[in-house]
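K.L.:
Pasting a structure here, questions to come.
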Amino acid sequence: MGFFDRLKEGLAKTKKSFFGKIDDFFKNFVRIDEDFFEELEELLICADVGVSATEEILDTLRDKVKDERLSSPEEIKKAFIEILKSTIGEHEGLRINTKPSVILVIGVNGVGKTTSIGKIAKFLKDDGKKVVVAAADTFRAAAAEQLEVWCNRAGVDIIKQDAGADPAAVVFDAINAVKSRKGDVLIVDTAGRLHNKKNLMDELAKIKRVIDRELPDSDKETLLVIDATTGQNAVNQAKEFKDAANITGIIMTKLDGTAKGGVLISVKRELNIPVKFIGVGEKVEDMRPFDPDEFAMALFDSEEE
């Protein structure tokens, strides 16, 4: 099964829950009035598209219906889907053009940070890149061991120290390793943290200083891992992290486990941070760079269109 098929399968809950209701809604409406927009608003909110994103989508649809004098269910449904697609935005890949480049991965425990690192490492290796992973989450018991399992699956090098070691020291060693091994990408795992845990945020700042000092001219990405199944809590979490760290992209995991995949639209619209990777399963190949067109095809296309 190719990734597109896995993506369609992974988004089945969202498609059935949300777009099944959308199909029924457009088939059954009688006239376009305020009740029409209120019902559509409720469907979007229930899919975790978010309040501000929903308002913008509906305002745009109102203008389009008025300006283009749309009246038939199919015309309006088509216009609605096109607006959703444009809200998702354009593809924004990783900025890793230097050798080496650095990807710093942050997020709270339980969102799938360790597995995401392993899967991204595998993707980059399959793309011909030499990858080194720094096990800088030295606070959580067995974190390095779990990461090592995933690195072995991906076939990439890992640099680690004993539990409780200075995370910045691990990163320093990993930078030397990626330089000496002529690596292309250094991926840094960090401790699961909340934005308000000052000691952990200070530790993250220390790691960043080491990276900036040792690799001043390297491309750097800071990716926040969020769990799609937590819905708007994931958006709120991302907002808080955005204030505390210079996040350049989102890794959205567990899209296959939710009927509220609209949260991806909400993240992009409300935070203006691109979603760079999505996960739709447990296997190492079930995570890929986010392709908005592919996502839209998997989510919006139906036999009836």
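In the structure tokens, the first chain shown is A, the next is B, and so on; residue numbers restart at 1 for each chain, and ligands run from 1 in the order shown.
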Would you return as a list of chain:residue names the members of region 133-239 of chain A that DSSP assigns to strand (DSSP E or B) on this structure's backbone?

P.N.:
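Everything in region 133-239 of chain A that counts as strand (DSSP E or B) is A:Val133, A:Ala134, A:Ala135, A:Asp157, A:Ile158, A:Ile159, A:Val185, A:Leu186, A:Ile187, A:Val188, A:Asp189, A:Lys220, A:Glu221, A:Thr222, A:Leu223, A:Leu224, A:Val225, A:Ile226, A:Asp227.
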
K.L.:
Within 8 Å of Asp157 (chain A), counting only C-alpha atoms, which residues show up once you throw out same-chain ones fewer than 2 positions away? Write them as a PyMOL selection string, please.

P.N.:
chain A and resi 131-133+151-152+155+159

K.L.:
How would you write, as a list in words, the set of residues in region 158-200 of chain A that DSSP gives as helix (DSSP H, G or I)?

P.N.:
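DSSP-assigned helix (DSSP H, G or I) residues in region 158-200 of chain A: Pro167, Ala168, Ala169, Val170, Val171, Phe172, Asp173, Ala174, Ile175, Asn176, Ala177, Val178, Lys179, Ser180, Lys198, Asn199 and Leu200 of chain A.
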
K.L.:
Taking a cut-off of 12 Å and counting only C-alpha atoms, can you build a table that, for each residue of region 64-110 of chain A near region 166-171 of chain A, reports the nearest atom pair and how far apart they are in Å (one decimal), sorted by chain then residue number, as a tab-separated table?

P.N.:
```
residue	atom	partner	partner_atom	distance
A:Val102	CA	A:Val171	CA	10.7
A:Ile103	CA	A:Val171	CA	11.7
A:Leu104	CA	A:Val171	CA	10.4
```

K.L.:
Enumerate, in order of chain and increasing residue number, the residues of region 60-123 of chain A with an atom no farther than 10 Å from region 261-268 of chain A, each with its shortest atom pair and distance in Å to one decimal, counting only C-alpha atoms, as JSON lines.

P.N.:
```
{"residue": "A:Leu84", "atom": "CA", "partner": "A:Ile265", "partner_atom": "CA", "distance": 8.0}
{"residue": "A:Lys85", "atom": "CA", "partner": "A:Ile265", "partner_atom": "CA", "distance": 9.0}
{"residue": "A:Ser86", "atom": "CA", "partner": "A:Ile265", "partner_atom": "CA", "distance": 9.9}
{"residue": "A:Thr87", "atom": "CA", "partner": "A:Ile265", "partner_atom": "CA", "distance": 6.8}
{"residue": "A:Ile88", "atom": "CA", "partner": "A:Ile265", "partner_atom": "CA", "distance": 5.4}
{"residue": "A:Gly89", "atom": "CA", "partner": "A:Lys268", "partner_atom": "CA", "distance": 7.6}
```

K.L.:
Applying 10 Å and only C-alpha atoms, which residues near Ala228 (chain A) remain after dropping the ones on its own chain fewer than 2 positions away? List them as a ChimeraX atom specification.

P.N.:
/A:48,111,225-226,230-235,251-264,278-279

K.L.:
What's the separation between CA of Ile175 (chain A) and CA of Val156 (chain A), in Å to one decimal place?

P.N.:
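Computing it gives 14.8 Å between the two atoms.
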
K.L.:
What is the CA of Lys220 (chain A) to CA of Ala165 (chain A) distance in Å?

P.N.:
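CA of Ala165 (chain A) lies at a distance of 23.8 Å from CA of Lys220 (chain A).
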
K.L.:
Name the residues in contact with Glu55 (chain A) at a cut-off of 8 Å, using only C-alpha atoms, excluding same-chain residues fewer than 4 positions from it; report them as a PDB file with C-alpha atoms, in the first residue's frame.

P.N.:
```pdb
ATOM      1  CA  GLU A  41     -20.419  26.727  11.113  1.00  0.00           C
ATOM      2  CA  VAL A  51     -13.348  29.446  15.584  1.00  0.00           C
ATOM      3  CA  ASP A  59     -17.008  34.969   5.329  1.00  0.00           C
TER       4      ASP A  59
END
```

K.L.:
Do you know which residues are at most 12 Å from Asp63 (chain A) counting only C-alpha atoms, after dropping those on the same chain fewer than 4 positions away, and could you put them as a ChimeraX atom specification?

P.N.:
/A:56-59,67-70,76,79-80,83

K.L.:
Work out how far CA of Arg288 (chain A) is from CA of Ile81 (chain A), in Å to one decimal.

P.N.:
23.5 Å

K.L.:
Go through A:Val284, A:Asp5, A:Glu240, A:Ala245 one by one, measure the shortest atom-to-atom distance of each to Thr114 (chain A) using only C-alpha atoms, and give the residue with the smallest value.

P.N.:
A:Val284

K.L.:
A:Val30, A:Met297, A:His91, A:Lys129: which is nearest Val275 (chain A), counting only C-alpha atoms?

P.N.:
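With only C-alpha atoms as the atom set, the closest residue is A:His91.
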